[in-house]
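Have a look at data-v6.txt below; it lists compact mmCIF, C-alpha atoms and all ligand atoms.
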```txt
# COMPACT_ATOMS: atom_id res chain seq x y z
CA MET A 90 -19.65 -28.11 -57.51
CA LYS A 91 -16.22 -28.25 -55.80
CA VAL A 92 -16.57 -29.36 -52.21
CA VAL A 93 -13.89 -29.49 -49.53
CA ALA A 94 -14.84 -31.55 -46.48
CA LEU A 95 -13.00 -31.29 -43.16
CA ALA A 96 -13.12 -34.75 -41.64
CA GLY A 97 -12.20 -36.76 -38.58
CA GLY A 98 -13.04 -40.42 -38.14
CA VAL A 99 -16.12 -42.58 -38.16
CA GLY A 100 -18.91 -39.97 -38.27
CA ALA A 101 -17.17 -38.02 -41.00
CA ALA A 102 -16.51 -41.16 -43.03
CA ARG A 103 -20.16 -42.17 -42.86
CA PHE A 104 -21.16 -38.66 -43.97
CA LEU A 105 -18.65 -38.71 -46.85
CA ARG A 106 -20.17 -41.96 -48.10
CA GLY A 107 -23.34 -39.91 -48.58
CA LEU A 108 -21.63 -36.80 -49.91
CA VAL A 109 -20.10 -38.70 -52.84
CA ARG A 110 -23.60 -39.77 -53.83
CA VAL A 111 -24.77 -36.18 -54.25
CA VAL A 112 -21.57 -34.54 -55.56
CA GLU A 113 -19.30 -35.83 -58.33
CA PRO A 114 -16.73 -37.79 -56.25
CA ALA A 115 -13.83 -36.31 -58.22
CA ASP A 116 -15.04 -32.83 -57.16
CA VAL A 117 -14.64 -33.71 -53.48
CA THR A 118 -11.44 -33.04 -51.54
CA VAL A 119 -11.29 -34.38 -47.98
CA VAL A 120 -8.91 -32.67 -45.56
CA VAL A 121 -8.38 -35.17 -42.76
CA ASN A 122 -7.30 -34.77 -39.14
CA THR A 123 -3.89 -36.26 -38.34
CA GLY A 124 -3.81 -35.38 -34.64
CA ASP A 125 -4.90 -38.95 -33.83
CA ASP A 126 -1.82 -40.37 -35.56
CA LEU A 127 0.44 -42.57 -33.46
CA VAL A 128 3.44 -44.88 -33.81
CA LEU A 129 2.91 -48.41 -32.49
CA HIS A 130 5.17 -51.45 -33.09
CA GLY A 131 7.32 -49.00 -35.08
CA LEU A 132 4.47 -48.32 -37.54
CA HIS A 133 2.93 -44.93 -38.32
CA ILE A 134 -0.83 -45.27 -37.93
CA SER A 135 -3.24 -42.60 -39.21
CA PRO A 136 -6.65 -43.63 -37.82
CA ASP A 137 -8.75 -40.88 -39.40
CA LEU A 138 -7.08 -41.10 -42.83
CA ASP A 139 -7.52 -44.88 -42.79
CA THR A 140 -11.14 -44.72 -41.62
CA VAL A 141 -12.00 -42.33 -44.47
CA THR A 142 -10.00 -44.41 -46.98
CA TYR A 143 -11.52 -47.74 -45.99
CA THR A 144 -15.05 -46.32 -45.85
CA LEU A 145 -14.91 -44.59 -49.24
CA GLY A 146 -13.08 -47.61 -50.66
CA GLY A 147 -15.78 -49.98 -49.45
CA GLY A 148 -13.43 -51.94 -47.18
CA VAL A 149 -14.19 -50.64 -43.71
CA HIS A 150 -15.33 -52.95 -40.91
CA PRO A 151 -19.07 -52.21 -41.06
CA GLU A 152 -19.94 -52.46 -37.36
CA GLN A 153 -16.79 -50.78 -36.00
CA GLY A 154 -16.59 -48.05 -38.61
CA TRP A 155 -12.78 -48.38 -38.39
CA GLY A 156 -10.32 -51.08 -39.40
CA ARG A 157 -10.80 -53.50 -42.26
CA ALA A 158 -13.87 -55.57 -43.05
CA GLY A 159 -13.30 -59.28 -42.49
CA ASP A 160 -9.92 -58.68 -40.93
CA THR A 161 -8.04 -61.33 -38.93
CA LEU A 162 -5.87 -60.88 -35.84
CA THR A 163 -3.09 -63.43 -36.37
CA VAL A 164 -0.23 -60.95 -36.11
CA ALA A 165 -1.85 -59.11 -33.19
CA ALA A 166 -2.15 -62.40 -31.27
CA GLU A 167 1.49 -63.34 -31.96
CA LEU A 168 2.66 -59.87 -30.93
CA ARG A 169 0.72 -60.20 -27.67
CA ASP A 170 1.22 -63.85 -26.80
CA ARG A 171 4.76 -64.52 -27.94
CA TYR A 172 6.34 -61.09 -27.68
CA GLY A 173 4.32 -59.47 -24.91
CA ALA A 174 3.90 -56.41 -27.12
CA PRO A 175 1.29 -53.77 -26.18
CA ASP A 176 -2.18 -54.88 -27.31
CA TRP A 177 -4.40 -51.96 -26.23
CA PHE A 178 -4.82 -50.82 -29.84
CA THR A 179 -6.08 -53.59 -32.11
CA LEU A 180 -4.36 -53.79 -35.51
CA GLY A 181 -5.83 -56.35 -37.88
CA ASP A 182 -3.67 -58.22 -40.41
CA ARG A 183 -5.05 -56.36 -43.45
CA ASP A 184 -4.93 -53.04 -41.57
CA LEU A 185 -1.24 -53.69 -40.85
CA ALA A 186 -0.55 -53.74 -44.60
CA THR A 187 -1.66 -50.09 -44.79
CA HIS A 188 0.58 -49.11 -41.88
CA LEU A 189 3.53 -50.99 -43.43
CA VAL A 190 3.10 -49.12 -46.75
CA ARG A 191 2.79 -45.75 -45.01
CA THR A 192 5.75 -46.40 -42.70
CA ARG A 193 7.95 -47.53 -45.63
CA ILE A 194 7.19 -44.35 -47.62
CA LEU A 195 7.92 -42.17 -44.57
CA ALA A 196 11.12 -44.13 -43.86
CA GLU A 197 12.25 -43.49 -47.47
CA GLY A 198 11.83 -39.75 -46.84
CA GLY A 199 8.35 -39.43 -48.33
CA THR A 200 5.70 -37.21 -46.79
CA LEU A 201 2.42 -38.21 -45.19
CA SER A 202 0.76 -36.60 -48.22
CA ARG A 203 2.74 -38.92 -50.51
CA ALA A 204 1.84 -41.95 -48.43
CA THR A 205 -1.82 -40.88 -48.44
CA ALA A 206 -1.83 -40.48 -52.22
CA VAL A 207 -0.29 -43.95 -52.70
CA ILE A 208 -2.79 -45.58 -50.34
CA ALA A 209 -5.81 -43.69 -51.74
CA GLY A 210 -4.63 -44.62 -55.25
CA ALA A 211 -4.45 -48.29 -54.30
CA TRP A 212 -8.06 -48.02 -53.10
CA GLU A 213 -8.95 -46.23 -56.35
CA LEU A 214 -10.65 -43.40 -54.48
CA ALA A 215 -12.19 -40.73 -56.72
CA PRO A 216 -12.19 -37.99 -54.04
CA THR A 217 -8.85 -36.40 -53.20
CA LEU A 218 -7.62 -37.21 -49.70
CA LEU A 219 -5.22 -34.76 -48.04
CA PRO A 220 -3.81 -34.88 -44.53
CA MET A 221 -4.29 -31.51 -42.81
CA THR A 222 -0.50 -31.22 -42.58
CA ASP A 223 2.64 -33.26 -43.25
CA ASP A 224 4.13 -31.97 -40.02
CA PRO A 225 3.93 -33.85 -36.71
CA VAL A 226 0.79 -32.84 -34.81
CA THR A 227 -0.39 -34.89 -31.83
CA THR A 228 -3.59 -34.44 -29.87
CA ARG A 229 -2.92 -35.03 -26.20
CA VAL A 230 -5.31 -35.25 -23.26
CA ARG A 231 -4.34 -33.86 -19.87
CA THR A 232 -6.44 -35.84 -17.42
CA ALA A 233 -7.89 -34.45 -14.19
CA ASP A 234 -5.66 -36.90 -12.29
CA GLY A 235 -2.58 -35.21 -13.78
CA ARG A 236 -1.54 -37.50 -16.61
CA ASP A 237 -0.61 -36.47 -20.15
CA LEU A 238 -1.98 -39.08 -22.57
CA HIS A 239 -1.91 -39.42 -26.35
CA PHE A 240 -5.53 -39.04 -27.44
CA GLN A 241 -5.70 -42.70 -28.52
CA ARG A 242 -4.35 -43.82 -25.16
CA TRP A 243 -7.17 -41.92 -23.51
CA TRP A 244 -9.91 -42.85 -26.01
CA VAL A 245 -8.98 -46.51 -26.62
CA GLY A 246 -6.43 -47.39 -23.96
CA GLU A 247 -8.51 -46.08 -21.08
CA GLY A 248 -11.94 -46.13 -22.69
CA ALA A 249 -12.35 -42.37 -22.37
CA GLU A 250 -12.92 -42.93 -18.63
CA PRO A 251 -10.48 -40.42 -17.04
CA ALA A 252 -11.96 -36.95 -16.62
CA VAL A 253 -10.31 -34.48 -18.98
CA ALA A 254 -8.76 -31.25 -17.71
CA GLU A 255 -7.35 -30.04 -21.02
CA VAL A 256 -6.86 -31.06 -24.64
CA VAL A 257 -3.63 -29.93 -26.31
CA VAL A 258 -2.98 -30.18 -30.04
CA ALA A 259 0.81 -30.41 -29.79
CA GLY A 260 2.72 -29.09 -32.84
CA ALA A 261 -0.29 -27.41 -34.48
CA ALA A 262 1.11 -23.89 -34.14
CA GLU A 263 4.33 -24.93 -35.92
CA ALA A 264 2.59 -26.91 -38.65
CA THR A 265 1.90 -25.83 -42.23
CA PRO A 266 -1.06 -27.01 -44.31
CA ALA A 267 -0.22 -30.01 -46.47
CA PRO A 268 0.39 -29.37 -50.19
CA GLY A 269 -2.87 -28.66 -51.99
CA VAL A 270 -4.94 -27.96 -48.88
CA LEU A 271 -5.07 -24.17 -49.13
CA GLU A 272 -5.51 -24.37 -52.91
CA ALA A 273 -8.45 -26.77 -52.55
CA VAL A 274 -10.11 -24.62 -49.89
CA GLY A 275 -9.59 -21.47 -51.99
CA ALA A 276 -11.23 -23.13 -54.99
CA ALA A 277 -14.12 -24.64 -53.03
CA ASP A 278 -17.69 -23.66 -53.80
CA VAL A 279 -18.55 -25.00 -50.34
CA VAL A 280 -16.52 -26.15 -47.35
CA VAL A 281 -18.31 -28.76 -45.23
CA LEU A 282 -17.49 -29.40 -41.57
CA CYS A 283 -18.33 -33.13 -41.29
CA PRO A 284 -20.14 -34.42 -38.17
CA SER A 285 -16.86 -35.03 -36.33
CA ASN A 286 -15.69 -34.24 -32.86
CA PRO A 287 -15.10 -30.47 -32.65
CA VAL A 288 -12.32 -30.85 -30.04
CA VAL A 289 -10.15 -33.67 -31.42
CA SER A 290 -11.13 -33.85 -35.12
CA ILE A 291 -12.31 -30.55 -36.63
CA GLY A 292 -10.47 -28.43 -34.04
CA PRO A 293 -6.98 -29.71 -34.90
CA ILE A 294 -7.60 -29.13 -38.63
CA LEU A 295 -8.67 -25.53 -38.01
CA ALA A 296 -5.68 -25.09 -35.67
CA VAL A 297 -3.17 -25.52 -38.53
CA PRO A 298 -2.05 -21.93 -39.27
CA GLY A 299 -3.78 -20.41 -42.28
CA LEU A 300 -6.54 -22.99 -42.47
CA ARG A 301 -9.23 -21.28 -40.41
CA ARG A 302 -8.75 -18.02 -42.32
CA ALA A 303 -8.86 -19.84 -45.67
CA VAL A 304 -12.06 -21.67 -44.70
CA ALA A 305 -13.68 -18.46 -43.40
CA ALA A 306 -13.31 -16.92 -46.86
CA ARG A 307 -15.56 -19.59 -48.44
CA PRO A 308 -19.20 -20.59 -47.96
CA VAL A 309 -19.20 -22.97 -44.99
CA VAL A 310 -21.81 -25.43 -43.77
CA GLY A 311 -21.45 -27.78 -40.83
CA VAL A 312 -23.32 -30.83 -39.60
CA SER A 313 -23.79 -31.14 -35.85
CA PRO A 314 -21.99 -34.15 -34.33
CA ILE A 315 -24.19 -33.82 -31.27
CA VAL A 316 -27.69 -35.27 -31.36
CA GLY A 317 -30.13 -34.72 -28.52
CA GLY A 318 -27.55 -33.41 -26.08
CA ARG A 319 -25.14 -36.29 -26.40
CA ASP A 320 -22.67 -37.12 -29.09
CA VAL A 321 -23.36 -40.07 -31.31
CA ARG A 322 -19.95 -41.75 -30.92
CA GLY A 323 -19.49 -41.24 -27.21
CA MET A 324 -16.49 -38.97 -26.87
CA ALA A 325 -17.59 -35.38 -27.42
CA ASP A 326 -19.57 -35.31 -24.19
CA ARG A 327 -16.32 -36.15 -22.35
CA LEU A 328 -14.26 -33.55 -24.22
CA LEU A 329 -16.49 -30.54 -24.84
CA PRO A 330 -16.64 -29.55 -21.14
CA ALA A 331 -12.80 -29.43 -21.19
CA ILE A 332 -13.02 -26.52 -23.63
CA GLY A 333 -15.95 -24.97 -21.79
CA CYS A 334 -18.52 -25.92 -24.40
CA GLU A 335 -21.93 -27.38 -23.62
CA VAL A 336 -22.80 -30.71 -25.21
CA SER A 337 -25.46 -29.40 -27.56
CA ALA A 338 -25.91 -28.78 -31.27
CA ASP A 339 -26.20 -25.02 -30.84
CA ALA A 340 -23.20 -24.73 -28.49
CA VAL A 341 -21.03 -26.58 -31.00
CA ALA A 342 -22.24 -24.23 -33.75
CA GLY A 343 -21.03 -21.41 -31.52
CA LEU A 344 -17.50 -22.86 -31.71
CA TYR A 345 -17.57 -22.18 -35.46
CA ALA A 346 -19.62 -18.96 -35.34
CA ASP A 347 -16.87 -17.07 -37.19
CA LEU A 348 -17.06 -19.56 -40.07
CA LEU A 349 -20.59 -20.82 -40.50
CA ASP A 350 -23.10 -19.83 -43.15
CA GLY A 351 -25.22 -22.85 -42.33
CA TRP A 352 -25.57 -25.52 -39.63
CA VAL A 353 -27.54 -28.74 -39.90
CA VAL A 354 -29.02 -30.16 -36.71
CA ASP A 355 -30.80 -33.43 -36.17
CA ARG A 356 -34.59 -33.35 -36.28
CA ARG A 357 -34.52 -34.32 -32.57
CA ASP A 358 -32.89 -30.93 -31.92
CA ALA A 359 -35.38 -28.86 -33.90
CA GLY A 360 -36.02 -26.91 -30.71
CA LEU A 361 -32.46 -25.52 -30.98
CA ALA A 362 -32.97 -24.08 -34.46
CA ASP A 363 -33.74 -20.59 -33.16
CA ALA A 364 -30.58 -20.59 -31.00
CA VAL A 365 -28.52 -21.50 -34.05
CA ALA A 366 -30.29 -18.90 -36.20
CA ALA A 367 -29.43 -16.35 -33.50
CA LEU A 368 -25.78 -16.96 -34.44
CA GLY A 369 -26.68 -15.55 -37.84
CA CYS A 370 -26.47 -18.95 -39.53
CA ARG A 371 -29.02 -20.57 -41.73
CA VAL A 372 -30.20 -23.74 -40.04
CA ALA A 373 -31.78 -26.92 -41.33
CA THR A 374 -33.15 -29.85 -39.35
CA THR A 375 -33.15 -33.38 -40.75
CA GLU A 376 -32.41 -36.99 -39.88
CA SER A 377 -28.69 -37.14 -39.09
CA ILE A 378 -28.30 -40.63 -37.62
CA MET A 379 -26.66 -42.19 -40.68
CA THR A 380 -27.96 -45.74 -40.50
CA THR A 381 -27.64 -46.14 -44.29
CA PRO A 382 -25.70 -44.43 -47.10
CA GLN A 383 -29.07 -43.12 -48.33
CA VAL A 384 -29.63 -41.25 -45.06
CA ALA A 385 -26.08 -39.92 -45.32
CA ALA A 386 -26.77 -38.77 -48.88
CA SER A 387 -29.93 -36.99 -47.81
CA LEU A 388 -28.03 -35.33 -44.95
CA ALA A 389 -25.30 -34.21 -47.36
CA ARG A 390 -27.88 -32.84 -49.79
CA THR A 391 -29.56 -30.88 -46.99
CA ALA A 392 -26.22 -29.40 -45.95
CA LEU A 393 -25.22 -28.33 -49.45
CA GLU A 394 -28.65 -26.88 -50.26
CA LEU A 395 -28.49 -24.80 -47.09
CA VAL A 396 -25.57 -22.76 -48.42
CA ALA A 397 -25.90 -23.25 -52.19
CA GLY A 398 -28.02 -20.10 -52.47
CA PRO A 399 -26.66 -16.51 -52.66
CA ARG A 400 -24.38 -15.81 -49.71
CA ARG A 401 -25.82 -13.60 -46.97
CA ALA A 402 -23.44 -11.31 -45.16
CA ARG A 403 -22.14 -13.52 -42.36
CA ALA A 404 -23.49 -12.19 -39.09
CA CYS A 405 -22.39 -15.06 -36.90
N1 LIG A 501 -10.86 -47.93 -31.67
C1 LIG A 501 -11.08 -48.71 -30.56
O1 LIG A 501 -12.02 -48.43 -29.81
N2 LIG A 501 -10.27 -49.77 -30.26
C2 LIG A 501 -9.22 -50.11 -31.02
O2 LIG A 501 -8.50 -51.07 -30.71
C3 LIG A 501 -8.97 -49.35 -32.23
C4 LIG A 501 -7.93 -49.66 -33.11
C5 LIG A 501 -7.80 -48.94 -34.30
C6 LIG A 501 -6.83 -49.28 -35.24
C7 LIG A 501 -6.70 -48.56 -36.41
C8 LIG A 501 -7.54 -47.49 -36.66
O3 LIG A 501 -7.43 -46.80 -37.82
C9 LIG A 501 -8.53 -47.11 -35.74
C10 LIG A 501 -8.66 -47.84 -34.55
N3 LIG A 501 -9.66 -47.50 -33.62
C11 LIG A 501 -9.85 -48.25 -32.49
C12 LIG A 501 -10.57 -46.37 -33.85
C13 LIG A 501 -9.95 -45.02 -33.48
O4 LIG A 501 -9.53 -44.97 -32.17
C14 LIG A 501 -11.02 -43.93 -33.69
O5 LIG A 501 -11.86 -44.30 -34.72
C15 LIG A 501 -10.50 -42.63 -34.18
O6 LIG A 501 -9.24 -42.36 -33.83
C16 LIG A 501 -11.47 -41.55 -33.70
O7 LIG A 501 -11.95 -40.89 -34.79
```
Before anything else, please render the file you have as structure tokens.
Amino acid sequence: MKVVALAGGVGAARFLRGLVRVVEPADVTVVVNTGDDLVLHGLHISPDLDTVTYTLGGGVHPEQGWGRAGDTLTVAAELRDRYGAPDWFTLGDRDLATHLVRTRILAEGGTLSRATAVIAGAWELAPTLLPMTDDPVTTRVRTADGRDLHFQRWWVGEGAEPAVAEVVVAGAAEATPAPGVLEAVGAADVVVLCPSNPVVSIGPILAVPGLRRAVAARPVVGVSPIVGGRDVRGMADRLLPAIGCEVSADAVAGLYADLLDGWVVDRRDAGLADAVAALGCRVATTESIMTTPQVAASLARTALELVAGPRRARAC
């Protein structure tokens, strides 16, 4: 079964660790959000690509869900203490190696796709990792107090404190899908929307011209990133109101109503199943707090089984 997964950061990576236990890893293509990307200390950093790479490669920091397991902070300390360089975004020593490789490839004229293939190859990943685009796309947060912040500046630099007036995915309209993305989606038996933030992770991917239409033509199942009226990683509840969406599993399903054949909600949200079904989607309820890879595998299996059957005319 060929699966294409649209993925953001930590939640998606945890889900993918389960997905590759229920689908042949080589049959999985992950299309990853690049709107979080930023340049710091002259290095091109791709947080979501790295989080997926490190998690699938078995090298992610287990508690954080991002950065490298067992990393040290020698360079970060020298940058801060001797050179007074910005230290709001922590880059571990091993993590820096990834950014150095990516930045070198880009500096030599290579694409983000090329850099991603080199890095994924070094981690011997069986799934195919593709950035959503090789073009510059940057998610920016317009705060209620009038500032225009890079998403990471808002999320990490200011701890997601400032109220959000608007989220802008700068460059998306001018971007083209990265090589292989449309082909992978077109060949997919199922497209999975991973449990990622709909505003800053799945949204930017679907905003790349041609992608939403390509996904809509395939069987699509999504996993709610919202559990019990609040998001699991603490940012969706600050961002969803900015796009006029309630913080609930059924409201998020409504954002994808044009795409979804199925939507998986956490068992704690079983009471929302009828509201999701009213969108015309099949709905399943299961445990979605991925405390172990086994739970993630069971969640992935539930999602795939929800749409593996004959396709109903999409009413949602
Ligand atoms: N998240 C933090 O809360 N603090 C950090 O200092 C931080 C550094 C960092 C470095 C590399 C990287 O790939 C991710 C990093 N993250 C950090 C996580 C990142 O902000 C989020 O995981 C994603 O961007 C959201 O999906």
| Can you tell me, as number ranges by chain, what residues are no more than 12 Å from Ala215 of chain A when counting only C-alpha atoms, ignoring any on the same chain fewer than 4 positions away? | A: 105-106, 109-110, 112-119, 142, 145-146, 206, 209-211
| Given all atoms listed in the file as the counted atoms, nearest of A:Arg193, A:Arg157, A:Arg327, A:His150 to Pro251 of chain A |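 Nearest candidate to Pro251 of chain A out of A:Arg193, A:Arg157, A:Arg327, A:His150: A:Arg327.
Using only C-alpha atoms, the smallest distance between any of A:Ala338, A:Leu218, A:Ala165, A:Ile134 and Leu189 of chain A comes from A:Ile134.
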| Residue neighbourhood Asp223 of chain A, 10 Å, only C-alpha atoms, exclusion window fewer than 2 positions, as a list in words | Thr123, Gly199, Thr200, Leu201, Ser202, Arg203, Leu219, Pro220, Met221, Pro225, Val226, Ala264, Thr265, Pro266, Ala267 and Pro268 of chain A
| task | Check the smallest atom-to-atom distance from each of A:Thr381, A:Asn122, A:Gln241, A:Gln153 to Pro287 of chain A using only C-alpha atoms, then report the winner. | result |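 Residue with the minimum atom-to-atom distance to Pro287 of chain A: A:Asn122.
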| request: List all protein, DNA and RNA residues that have any atom at most 6 Å from ligand LIG 501 (chain A), counting all atoms listed in the file, and write the list as an MDAnalysis selection string. | output: chainID A and resid 97:99 125 136:137 139:140 155:156 178:180 241 245
